[in-house]
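**Q** As input, take model.tsv (TSV, C-alpha atoms and all ligand atoms):
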chain	number	residue	atom	x	y	z
A	1	VAL	CA	112.85	55.91	-143.38
A	2	VAL	CA	110.05	55.50	-145.92
A	3	LYS	CA	108.44	52.04	-146.10
A	4	ILE	CA	106.28	50.96	-149.01
A	5	TYR	CA	103.68	48.19	-148.73
A	6	GLU	CA	101.98	47.03	-151.88
A	7	THR	CA	99.35	44.45	-152.85
A	8	GLU	CA	97.48	43.94	-156.09
A	9	ASN	CA	94.78	46.36	-154.94
A	10	GLU	CA	96.52	48.84	-152.65
A	11	LYS	CA	99.68	50.81	-152.09
A	12	HIS	CA	100.70	52.30	-148.74
A	13	VAL	CA	103.62	54.48	-147.72
A	14	ARG	CA	104.57	54.85	-144.07
A	15	SER	CA	107.17	57.09	-142.42
A	16	ASP	CA	107.27	59.35	-139.36
A	17	ASP	CA	106.17	62.55	-141.12
A	18	TYR	CA	104.59	61.36	-144.35
A	19	ASN	CA	102.09	58.59	-145.07
A	20	TYR	CA	99.60	57.68	-147.73
A	21	ALA	CA	97.01	55.04	-148.58
A	22	PHE	CA	96.09	54.46	-152.23
A	23	ASP	CA	93.34	52.18	-153.56
A	24	LYS	CA	94.36	51.07	-157.05
A	25	ASN	CA	90.79	50.15	-158.00
A	26	THR	CA	88.86	53.24	-156.96
A	27	GLY	CA	91.65	55.83	-157.10
A	28	PHE	CA	90.94	56.76	-153.44
A	29	PHE	CA	94.00	58.49	-152.00
A	30	ALA	CA	94.58	59.80	-148.48
A	31	ARG	CA	97.75	61.53	-147.29
A	32	TRP	CA	98.66	62.48	-143.75
A	33	GLY	CA	101.68	63.40	-141.63
A	34	ARG	CA	102.80	62.68	-138.09
A	35	THR	CA	99.14	62.59	-137.05
A	36	ARG	CA	96.00	62.12	-139.16
A	37	ASP	CA	95.37	65.89	-138.93
A	38	ASP	CA	98.81	66.85	-140.29
A	39	ASP	CA	98.91	67.71	-143.97
A	40	PRO	CA	102.45	67.41	-145.37
A	41	SER	CA	103.24	70.19	-147.86
A	42	VAL	CA	105.85	68.18	-149.80
A	43	ALA	CA	106.21	64.46	-150.44
A	44	PRO	CA	109.65	62.89	-149.96
A	45	SER	CA	109.25	61.53	-153.48
A	46	ILE	CA	106.80	61.74	-156.36
A	47	GLU	CA	103.19	60.45	-156.11
A	48	ILE	CA	101.76	61.30	-159.54
A	49	ALA	CA	103.47	61.73	-162.91
A	50	ASP	CA	102.13	63.40	-166.00
A	51	ILE	CA	103.84	61.99	-169.10
A	52	GLU	CA	103.47	63.29	-172.62
A	53	LEU	CA	103.33	60.33	-175.02
A	54	THR	CA	102.92	62.32	-178.21
A	55	THR	CA	102.95	65.82	-179.59
A	56	ALA	CA	101.28	64.74	-182.84
A	57	CYS	CA	97.59	65.63	-182.80
A	58	SER	CA	95.11	66.18	-185.62
A	59	GLY	CA	92.38	67.51	-183.32
A	60	PRO	CA	89.14	65.70	-182.46
A	61	ALA	CA	87.84	65.60	-186.04
A	62	GLY	CA	90.74	66.45	-188.32
A	63	LYS	CA	91.08	70.10	-187.26
A	64	VAL	CA	93.47	71.17	-184.49
A	65	CYS	CA	92.09	73.10	-181.51
A	66	GLY	CA	92.35	76.89	-181.53
A	67	PHE	CA	93.33	77.08	-177.84
A	68	CYS	CA	95.90	74.22	-177.66
A	69	TYR	CA	98.53	75.47	-175.19
A	70	LYS	CA	101.03	73.05	-176.73
A	71	SER	CA	100.29	74.32	-180.25
A	72	ASN	CA	100.28	70.66	-181.39
A	73	THR	CA	99.86	69.76	-185.06
A	74	PRO	CA	99.62	66.42	-186.91
A	75	LYS	CA	103.42	66.53	-187.26
A	76	GLY	CA	104.92	65.69	-183.90
A	77	ASP	CA	106.99	63.22	-181.90
A	78	ASN	CA	106.07	60.03	-180.05
A	79	MET	CA	107.64	58.48	-176.97
A	80	THR	CA	108.52	54.88	-177.84
A	81	LEU	CA	107.93	51.92	-175.52
A	82	GLU	CA	111.71	51.52	-175.13
A	83	ALA	CA	112.20	55.20	-174.22
A	84	PHE	CA	109.25	54.97	-171.83
A	85	LYS	CA	110.66	51.90	-170.06
A	86	GLN	CA	114.00	53.65	-169.59
A	87	LEU	CA	112.19	56.55	-167.93
A	88	PHE	CA	109.66	54.51	-165.95
A	89	ASP	CA	112.26	52.13	-164.53
A	90	LYS	CA	114.05	55.11	-162.94
A	91	LEU	CA	110.90	56.40	-161.20
A	92	PRO	CA	110.49	55.60	-157.50
A	93	ARG	CA	107.98	53.09	-156.14
A	94	THR	CA	106.10	55.86	-154.33
A	95	LEU	CA	104.46	56.59	-157.70
A	96	THR	CA	100.75	55.73	-157.69
A	97	GLN	CA	99.34	56.95	-161.00
A	98	ILE	CA	100.44	58.35	-164.34
A	99	ALA	CA	98.30	60.78	-166.31
A	100	TYR	CA	99.15	60.31	-169.98
A	101	GLY	CA	98.98	63.07	-172.51
A	102	ALA	CA	97.99	61.72	-175.91
A	103	ASP	CA	96.20	63.02	-178.99
A	104	ALA	CA	92.46	63.61	-179.36
A	105	ASN	CA	91.80	60.26	-181.06
A	106	CYS	CA	94.38	58.24	-179.13
A	107	THR	CA	95.90	56.97	-182.37
A	108	SER	CA	99.12	58.98	-182.89
A	109	ASN	CA	101.45	56.84	-180.80
A	110	PRO	CA	101.56	53.19	-181.93
A	111	ASP	CA	103.13	52.17	-178.57
A	112	LEU	CA	100.46	53.84	-176.42
A	113	PHE	CA	98.65	50.71	-175.26
A	114	ALA	CA	101.87	48.74	-174.73
A	115	ILE	CA	103.08	51.64	-172.54
A	116	MET	CA	99.88	51.67	-170.50
A	117	GLU	CA	99.95	47.89	-170.08
A	118	TYR	CA	103.57	48.04	-168.92
A	119	THR	CA	102.58	50.74	-166.41
A	120	ARG	CA	99.78	48.64	-164.96
A	121	SER	CA	101.94	45.50	-164.85
A	122	ARG	CA	104.29	47.45	-162.54
A	123	GLY	CA	101.46	48.35	-160.12
A	124	VAL	CA	101.02	51.95	-161.30
A	125	ILE	CA	97.61	53.05	-162.61
A	126	PRO	CA	97.47	54.63	-166.08
A	127	ASN	CA	94.97	57.44	-166.78
A	128	ILE	CA	94.51	59.39	-169.98
A	129	THR	CA	92.70	62.29	-171.63
A	130	VAL	CA	91.11	61.83	-175.08
A	131	ALA	CA	88.52	63.72	-177.13
A	132	ASN	CA	86.94	61.67	-179.88
A	133	ILE	CA	87.48	57.91	-179.85
A	134	THR	CA	86.08	54.83	-181.57
A	135	ASP	CA	84.39	51.85	-179.90
A	136	GLU	CA	87.58	49.86	-180.36
A	137	VAL	CA	89.81	52.44	-178.66
A	138	ALA	CA	87.24	52.87	-175.85
A	139	ALA	CA	87.22	49.12	-175.16
A	140	LYS	CA	91.03	49.01	-175.01
A	141	LEU	CA	91.17	52.03	-172.69
A	142	ALA	CA	88.49	50.57	-170.42
A	143	GLY	CA	90.61	47.43	-170.12
A	144	VAL	CA	93.77	49.14	-168.92
A	145	CYS	CA	92.99	52.60	-167.46
A	146	GLY	CA	91.88	53.61	-164.00
A	147	ALA	CA	90.20	56.74	-165.30
A	148	VAL	CA	89.68	58.43	-168.65
A	149	ALA	CA	88.78	62.06	-169.23
A	150	VAL	CA	87.11	63.14	-172.45
A	151	SER	CA	87.68	66.74	-173.51
A	152	ARG	CA	84.62	68.68	-174.59
A	153	TYR	CA	85.24	70.80	-177.68
A	154	SER	CA	82.91	72.64	-180.03
A	155	ASP	CA	80.93	69.58	-181.15
A	156	LYS	CA	79.43	67.99	-178.07
A	157	ASN	CA	78.67	64.75	-179.90
A	158	TRP	CA	82.36	63.77	-180.16
A	159	CYS	CA	82.61	64.08	-176.41
A	160	TYR	CA	79.29	62.58	-175.33
A	161	ASP	CA	79.56	59.63	-177.74
A	162	SER	CA	83.06	58.91	-176.44
A	163	VAL	CA	81.86	59.10	-172.82
A	164	GLN	CA	79.12	56.60	-173.65
A	165	ARG	CA	81.56	54.27	-175.44
A	166	LEU	CA	83.79	54.22	-172.36
A	167	THR	CA	81.02	53.68	-169.80
A	168	LYS	CA	79.43	51.00	-171.99
A	169	ALA	CA	82.79	49.27	-172.14
A	170	GLY	CA	82.61	49.05	-168.34
A	171	LEU	CA	84.83	51.93	-167.21
A	172	ASP	CA	83.66	53.44	-163.94
A	173	GLN	CA	85.75	56.59	-163.77
A	174	VAL	CA	84.87	58.69	-166.80
A	175	ASN	CA	85.02	62.48	-166.58
A	176	ILE	CA	84.53	65.33	-169.01
A	177	HIS	CA	87.30	67.90	-169.23
A	178	GLN	CA	85.76	71.27	-169.93
A	179	MET	CA	88.24	74.05	-170.59
A	180	VAL	CA	86.76	77.28	-169.20
A	181	SER	CA	87.46	80.65	-170.78
A	182	ALA	CA	85.32	83.67	-171.69
A	183	GLU	CA	84.79	82.03	-175.11
A	184	THR	CA	83.69	78.63	-173.73
A	185	PHE	CA	81.43	79.86	-170.91
A	186	ASP	CA	78.17	79.08	-172.76
A	187	GLN	CA	79.51	75.71	-173.84
A	188	ALA	CA	80.48	74.86	-170.24
A	189	MET	CA	76.99	75.80	-169.05
A	190	GLU	CA	75.50	73.58	-171.76
A	191	THR	CA	77.69	70.64	-170.65
A	192	ILE	CA	76.35	71.03	-167.10
A	193	GLU	CA	72.72	71.09	-168.30
A	194	ASP	CA	73.34	68.12	-170.61
A	195	ALA	CA	74.84	66.04	-167.80
A	196	VAL	CA	71.33	65.76	-166.34
A	197	VAL	CA	69.35	65.10	-169.50
A	198	ASP	CA	71.57	63.53	-172.16
A	199	PRO	CA	71.29	59.72	-171.91
A	200	ARG	CA	74.86	59.33	-173.17
A	201	LEU	CA	76.11	60.93	-169.94
A	202	THR	CA	74.31	58.60	-167.53
A	203	GLY	CA	77.57	56.97	-166.40
A	204	LEU	CA	79.54	60.24	-166.21
A	205	LYS	CA	81.37	60.79	-162.91
A	206	ALA	CA	82.11	64.52	-163.07
A	207	ILE	CA	82.72	67.56	-165.23
A	208	VAL	CA	86.23	68.78	-164.50
A	209	PHE	CA	86.79	72.47	-165.20
A	210	LEU	CA	90.23	73.13	-166.66
A	211	SER	CA	91.47	76.67	-166.44
A	212	LEU	CA	92.75	78.40	-169.53
A	213	LYS	CA	96.51	78.90	-169.74
A	214	GLN	CA	97.39	81.77	-172.02
A	215	LYS	CA	100.18	79.81	-173.66
A	216	GLY	CA	100.69	78.58	-177.23
A	217	ARG	CA	97.46	78.98	-179.20
A	218	GLY	CA	95.70	79.60	-175.83
A	219	GLU	CA	97.20	83.11	-175.83
A	220	ARG	CA	94.36	84.23	-178.07
A	221	TYR	CA	91.69	83.27	-175.50
A	222	LYS	CA	90.42	85.32	-172.57
A	223	ARG	CA	90.21	84.25	-168.96
A	224	ILE	CA	86.79	83.52	-167.45
A	225	THR	CA	85.67	86.03	-164.78
A	226	GLU	CA	85.20	85.04	-161.14
A	227	GLU	CA	81.44	85.71	-161.58
A	228	GLN	CA	81.22	83.40	-164.60
A	229	PHE	CA	83.13	80.66	-162.82
A	230	LYS	CA	80.82	81.00	-159.80
A	231	ALA	CA	77.77	80.78	-162.09
A	232	LEU	CA	79.03	77.43	-163.42
A	233	VAL	CA	79.72	76.05	-159.96
A	234	ASP	CA	76.34	77.27	-158.63
A	235	ARG	CA	74.43	75.71	-161.52
A	236	ALA	CA	76.23	72.38	-161.16
A	237	PHE	CA	75.46	72.27	-157.42
A	238	GLU	CA	71.85	73.24	-158.10
A	239	LEU	CA	71.45	70.36	-160.56
A	240	GLY	CA	73.44	67.88	-158.47
A	241	VAL	CA	76.03	67.42	-161.23
A	242	GLY	CA	79.41	66.13	-160.03
A	243	ILE	CA	82.20	68.66	-160.65
A	244	GLY	CA	85.91	68.92	-160.17
A	245	PHE	CA	88.67	71.28	-161.28
A	246	ASP	CA	92.37	71.15	-162.08
A	247	SER	CA	94.57	72.11	-159.17
A	248	CYS	CA	95.41	75.35	-161.05
A	249	GLY	CA	91.76	76.41	-160.61
A	250	CYS	CA	91.58	75.71	-156.86
A	251	PRO	CA	91.73	79.38	-155.76
A	252	LYS	CA	88.93	80.23	-158.22
A	253	PHE	CA	86.81	77.37	-156.95
A	254	LEU	CA	87.25	78.39	-153.31
A	255	ASN	CA	86.28	81.99	-154.15
A	256	ALA	CA	83.18	80.64	-155.87
A	257	VAL	CA	82.06	78.64	-152.81
A	258	LYS	CA	83.27	80.91	-150.00
A	259	ASP	CA	79.74	81.87	-148.89
A	260	ARG	CA	78.42	78.31	-148.81
A	261	PRO	CA	77.64	76.81	-145.41
A	262	ASN	CA	79.73	73.72	-146.25
A	263	TYR	CA	82.82	75.77	-147.21
A	264	ASP	CA	85.03	73.91	-144.74
A	265	ALA	CA	84.08	70.53	-146.21
A	266	LEU	CA	84.65	71.81	-149.75
A	267	PHE	CA	88.01	73.27	-148.70
A	268	GLU	CA	89.00	69.89	-147.24
A	269	CYS	CA	88.49	68.07	-150.54
A	270	SER	CA	90.17	70.73	-152.71
A	271	GLU	CA	93.84	70.46	-153.67
A	272	SER	CA	95.74	73.44	-155.01
A	273	CYS	CA	98.81	73.29	-157.27
A	274	GLU	CA	100.93	70.27	-156.42
A	275	SER	CA	103.63	70.60	-159.08
A	276	SER	CA	107.05	69.68	-157.65
A	277	LEU	CA	105.40	68.97	-154.28
A	278	PHE	CA	103.60	65.72	-155.12
A	279	SER	CA	103.64	65.54	-158.92
A	280	GLY	CA	105.77	66.27	-161.95
A	281	PHE	CA	105.72	66.25	-165.75
A	282	TRP	CA	107.90	64.57	-168.40
A	283	ASP	CA	107.71	65.78	-171.97
A	284	VAL	CA	107.76	63.51	-175.02
A	285	HIS	CA	111.59	63.58	-174.98
A	286	GLY	CA	111.71	62.41	-171.35
A	287	ARG	CA	112.71	65.76	-169.86
A	288	TYR	CA	111.31	66.77	-166.48
A	289	PHE	CA	109.39	69.96	-165.68
A	290	PRO	CA	107.20	70.77	-162.64
A	291	CYS	CA	104.03	70.72	-164.79
A	292	SER	CA	103.07	70.54	-168.45
A	293	PHE	CA	102.65	74.32	-168.62
A	294	THR	CA	106.21	75.07	-167.44
A	295	PRO	CA	108.38	74.22	-170.49
A	296	GLY	CA	109.92	77.33	-172.04
A	297	LEU	CA	109.19	79.61	-169.06
A	298	SER	CA	111.61	81.31	-166.76
A	299	GLY	CA	111.10	83.47	-163.67
A	300	ALA	CA	111.43	83.54	-159.89
A	301	TYR	CA	110.51	79.84	-160.03
A	302	GLY	CA	113.67	79.05	-162.03
A	303	ASP	CA	114.73	78.79	-165.64
A	304	TRP	CA	112.63	76.08	-167.30
A	305	THR	CA	113.64	76.77	-170.89
A	306	GLU	CA	115.40	73.40	-170.49
A	307	GLY	CA	114.04	70.41	-168.58
A	308	LEU	CA	115.93	68.07	-166.26
A	309	GLU	CA	117.42	64.75	-167.38
A	310	ILE	CA	116.60	61.81	-165.16
A	311	THR	CA	119.44	59.54	-164.00
A	312	ASP	CA	119.49	56.36	-161.91
A	313	ASP	CA	119.38	58.68	-158.89
A	314	PHE	CA	115.84	60.08	-159.09
A	315	GLN	CA	116.14	62.05	-155.88
A	316	ALA	CA	119.33	63.88	-156.92
A	317	SER	CA	118.55	64.36	-160.61
A	318	ILE	CA	114.88	65.35	-160.24
A	319	TRP	CA	113.17	65.60	-156.88
A	320	ASN	CA	115.94	67.31	-154.90
A	321	HIS	CA	117.58	69.03	-157.89
A	322	PRO	CA	118.25	72.74	-157.13
A	323	LYS	CA	115.87	73.81	-159.91
A	324	THR	CA	113.03	71.68	-158.52
A	325	VAL	CA	113.74	73.05	-155.04
A	326	GLN	CA	113.66	76.62	-156.39
A	327	PHE	CA	110.28	76.00	-158.05
A	328	ARG	CA	108.93	74.33	-154.92
A	329	GLU	CA	109.97	77.22	-152.69
A	330	ALA	CA	108.42	79.77	-155.06
A	331	LEU	CA	105.15	77.81	-155.17
A	332	LEU	CA	104.94	77.31	-151.40
A	333	LYS	CA	105.33	81.07	-150.90
A	334	ASN	CA	102.71	81.98	-153.50
A	335	LEU	CA	99.56	81.78	-151.37
A	336	ASP	CA	96.27	83.39	-152.33
A	337	SER	CA	93.69	85.02	-150.03
A	338	ASN	CA	92.17	81.60	-149.18
A	339	GLY	CA	95.57	80.44	-147.96
A	340	VAL	CA	96.03	77.95	-150.82
A	341	ARG	CA	98.83	77.78	-153.38
A	342	ALA	CA	98.26	79.92	-156.46
A	343	CYS	CA	99.91	79.38	-159.84
A	344	PRO	CA	103.38	80.94	-159.93
A	345	LEU	CA	103.39	80.86	-163.76
A	346	TYR	CA	100.10	82.26	-165.03
A	347	GLU	CA	97.18	84.40	-164.08
A	348	ILE	CA	94.43	81.79	-163.83
B	1	LIG	S1	102.30	75.65	-161.83
B	1	LIG	FE1	100.44	76.73	-162.52
B	1	LIG	S2	99.94	75.83	-164.52
B	1	LIG	FE2	101.35	74.41	-163.46
B	1	LIG	S3	99.98	72.96	-162.40
B	1	LIG	FE3	100.52	74.59	-160.96
B	1	LIG	S4	98.84	76.04	-161.10
B	1	LIG	FE4	98.72	74.75	-162.94
What is this file in structure tokens?
**A**
Amino acid sequence: VVKIYETENEKHVRSDDYNYAFDKNTGFFARWGRTRDDDPSVAPSIEIADIELTTACSGPAGKVCGFCYKSNTPKGDNMTLEAFKQLFDKLPRTLTQIAYGADANCTSNPDLFAIMEYTRSRGVIPNITVANITDEVAAKLAGVCGAVAVSRYSDKNWCYDSVQRLTKAGLDQVNIHQMVSAETFDQAMETIEDAVVDPRLTGLKAIVFLSLKQKGRGERYKRITEEQFKALVDRAFELGVGIGFDSCGCPKFLNAVKDRPNYDALFECSESCESSLFSGFWDVHGRYFPCSFTPGLSGAYGDWTEGLEITDDFQASIWNHPKTVQFREALLKNLDSNGVRACPLYEI
């Protein structure tokens, strides 16, 4: 039996084998099992959702990005508030946060803010990734989001100005998303150096390294080497710059820090791929996939050329659906040399 306790500021789940505590204000999240030392490998129901609100994107300054794994263009689809409510109202109350996928300027979907307000009014924290936003958009995001990530592209000013707009508007949790590939290595190093000296980044929480997925327009880019990734991590530690990484990059991060004396502590606060174990993705048409990089793929992890349709029975239609179970089993078996889950879809 899973029991859910919720107040304005916290959400707790308690059961024999699976428990969590979530602070809605700070984003602090702790999960444990039968004892505090147990680490459940699968949640009985979803904790975090990633929802695509639009596929229409003009890029940060009127030019689409060369590495976009979704191959988005200005012509795309939006999820309406009505369609969102129909999806959201079927999601279980174990959900803590939703990461929204929008366009670089946060202007493509006219229902975006109404969707995020609805999310918050139901006790779930909305987060989003943007790239180049105005003061007005920053103020609205700061009013409703728990955290905002700003993607760093070729022109650092789009990113750093947007970070400053968000922190000035009072948002505490502002990160930079830095996609790392062979082509963006120098740019990533520059972002780390700038985090210390650029006054616009004073309120920045962390630089989050996102690993390249060779999908869509990203197929043209090359993966970063282990040495290059280690050089970024080493420099950030040296300068005392806060860093993070997407769960896809966890094995790379652990390889980069394996000789550090505090490896065990770093291992403790690293989470590897959690798709279908704790989180899931819905595309702009409301179809479910384990993560946003899965649509169109097929392999030992199942055939994901089509997504799953949600019904009133979330557990049967999504979480315990045979295709989700197949993906989950493939992921849980796919361990790397550090003993953490490695991506079953891509070479990271
Ligand atoms: S399945 Fe692969 S691409 Fe998807 S979240 Fe996991 S590691 Fe990343």
**Q** Considering only C-alpha atoms, can you say which of A:Asn255, A:Gly244, A:Ser211, A:Glu136 comes closest to Glu227 in chain A?
**A**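 Among A:Asn255, A:Gly244, A:Ser211, A:Glu136, it is A:Asn255 that comes nearest to Glu227 in chain A.
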**Q** Compute the set of protein, DNA and RNA residues whose minimum atom distance to ligand LIG 1 (chain B) is at most 8 Å, using only C-alpha atoms and all ligand atoms, and state it as a compact mmCIF listing (two decimals) with C-alpha atoms, in the frame of the given file.
**A**
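To be explicit, this is the file written out as pocket-v4.txt:
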# COMPACT_ATOMS: atom_id res chain seq x y z
CA LYS A 213 96.51 78.90 -169.74
CA ASP A 246 92.37 71.15 -162.08
CA SER A 247 94.57 72.11 -159.17
CA CYS A 248 95.41 75.35 -161.05
CA GLY A 249 91.76 76.41 -160.61
CA SER A 272 95.74 73.44 -155.01
CA CYS A 273 98.81 73.29 -157.27
CA GLU A 274 100.93 70.27 -156.42
CA SER A 275 103.63 70.60 -159.08
CA PRO A 290 107.20 70.77 -162.64
CA CYS A 291 104.03 70.72 -164.79
CA SER A 292 103.07 70.54 -168.45
CA PHE A 293 102.65 74.32 -168.62
CA THR A 294 106.21 75.07 -167.44
CA LEU A 331 105.15 77.81 -155.17
CA ARG A 341 98.83 77.78 -153.38
CA ALA A 342 98.26 79.92 -156.46
CA CYS A 343 99.91 79.38 -159.84
CA PRO A 344 103.38 80.94 -159.93
CA LEU A 345 103.39 80.86 -163.76
CA TYR A 346 100.10 82.26 -165.03
CA ILE A 348 94.43 81.79 -163.83
**Q** Work out how far CA of Phe245 in chain A is from CA of Pro74 in chain A, in Å to one decimal.
**A**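 CA of Phe245 in chain A lies at a distance of 28.3 Å from CA of Pro74 in chain A.
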**Q** Please compute the CA of Ile4 in chain A-CA of Tyr18 in chain A distance, one decimal, in Å.
**A**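 Interatomic distance, CA of Ile4 in chain A to CA of Tyr18 in chain A: 11.5 Å.
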**Q** Quick one: pull the distance between CA of Ala30 in chain A and CA of Gln164 in chain A, Å, one decimal.
**A**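 Separating CA of Ala30 in chain A from CA of Gln164 in chain A is a distance of 29.7 Å.
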**Q** May I have the centre and edge lengths, in Å to one decimal, of an axis-aligned box around the listed atoms of range 110-128 of chain A with 3 Å added to every side, as lines of an AutoDock Vina configuration file?
**A**
center_x = 99.4
center_y = 52.4
center_z = -171.0
size_x = 15.8
size_y = 19.9
size_z = 27.8
**Q** Please build the interface table for range 27-66 of chain A against range 124-127 of chain A with a cut-off of 12 Å, listing for each qualifying residue the nearest atom pair and the distance in Å to one decimal; count all atoms listed in the file, order rows by chain and increasing number, and write it as CSV.
**A**
residue,atom,partner,partner_atom,distance
A:Gly27,CA,A:Ile125,CA,8.6
A:Phe28,CA,A:Ile125,CA,11.9
A:Glu47,CA,A:Val124,CA,10.2
A:Ile48,CA,A:Val124,CA,9.5
A:Ala49,CA,A:Pro126,CA,9.8
A:Asp50,CA,A:Asn127,CA,9.3
A:Ile51,CA,A:Pro126,CA,10.2
A:Glu52,CA,A:Asn127,CA,11.9
**Q** Rank A:Val144, A:Ile46, A:Ala61, A:Leu297 by their smallest atom-to-atom distance to Trp319 in chain A, using all atoms listed in the file, and report the top residue only.
**A**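 Under the stated criterion, the closest residue is A:Ile46.
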**Q** Which is closest to Ile243 in chain A among A:Pro295, A:Pro60, A:Phe289, A:Ala188, if we use all atoms listed in the file?
**A** A:Ala188
**Q** For Ala147 in chain A, please output as a list in words all residues within 7 Å (counting only C-alpha atoms; exclusion window: fewer than 3 positions along the same chain).
**A**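 The residues that qualify are Asn127, Ile128, Gln173 and Val174 of chain A.
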**Q** Neighbours of Arg235 in chain A within 12 Å (only C-alpha atoms; same-chain residues fewer than 3 positions away dropped), as a ChimeraX atom specification?
**A** /A:188-196,228-232,238-243,256-257
**Q** May I ask which of the residues A:Ser317, A:Thr202, A:Asn262, A:Thr54 is the closest one to Lys75 in chain A, counting all atoms listed in the file?
**A** A:Thr54
**Q** Output range 69-85 of chain A with N, CA and C atoms present, as a compact mmCIF listing (two decimals), in the frame of the given file.
**A**
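The result, stored in part_39.txt:
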# COMPACT_ATOMS: atom_id res chain seq x y z
N TYR A 69 97.39 74.77 -175.80
CA TYR A 69 98.53 75.47 -175.19
C TYR A 69 99.85 74.89 -175.66
N LYS A 70 99.80 73.67 -176.22
CA LYS A 70 101.03 73.05 -176.73
C LYS A 70 101.24 73.37 -178.21
N SER A 71 100.25 74.02 -178.82
CA SER A 71 100.29 74.32 -180.25
C SER A 71 100.59 73.06 -181.07
N ASN A 72 100.03 71.92 -180.67
CA ASN A 72 100.28 70.66 -181.39
C ASN A 72 99.70 70.69 -182.79
N THR A 73 100.34 69.92 -183.68
CA THR A 73 99.86 69.76 -185.06
C THR A 73 99.99 68.27 -185.39
N PRO A 74 99.48 67.85 -186.57
CA PRO A 74 99.62 66.42 -186.91
C PRO A 74 101.07 65.96 -187.00
N LYS A 75 102.00 66.91 -187.20
CA LYS A 75 103.42 66.53 -187.26
C LYS A 75 104.02 66.69 -185.87
N GLY A 76 104.35 65.58 -185.24
CA GLY A 76 104.92 65.69 -183.90
C GLY A 76 105.73 64.46 -183.58
N ASP A 77 106.15 64.35 -182.31
CA ASP A 77 106.99 63.22 -181.90
C ASP A 77 106.20 62.28 -180.99
N ASN A 78 106.64 61.03 -180.96
CA ASN A 78 106.07 60.03 -180.05
C ASN A 78 107.14 59.54 -179.09
N MET A 79 106.73 59.17 -177.87
CA MET A 79 107.64 58.48 -176.97
C MET A 79 107.49 56.99 -177.27
N THR A 80 108.60 56.31 -177.53
CA THR A 80 108.52 54.88 -177.84
C THR A 80 108.41 54.07 -176.55
N LEU A 81 108.01 52.81 -176.68
CA LEU A 81 107.93 51.92 -175.52
C LEU A 81 109.31 51.80 -174.86
N GLU A 82 110.34 51.67 -175.68
CA GLU A 82 111.71 51.52 -175.13
C GLU A 82 112.11 52.76 -174.34
N ALA A 83 111.84 53.95 -174.91
CA ALA A 83 112.20 55.20 -174.22
C ALA A 83 111.38 55.32 -172.93
N PHE A 84 110.11 54.91 -173.01
CA PHE A 84 109.25 54.97 -171.83
C PHE A 84 109.79 54.08 -170.72
N LYS A 85 110.16 52.84 -171.08
CA LYS A 85 110.66 51.90 -170.06
C LYS A 85 111.90 52.47 -169.38
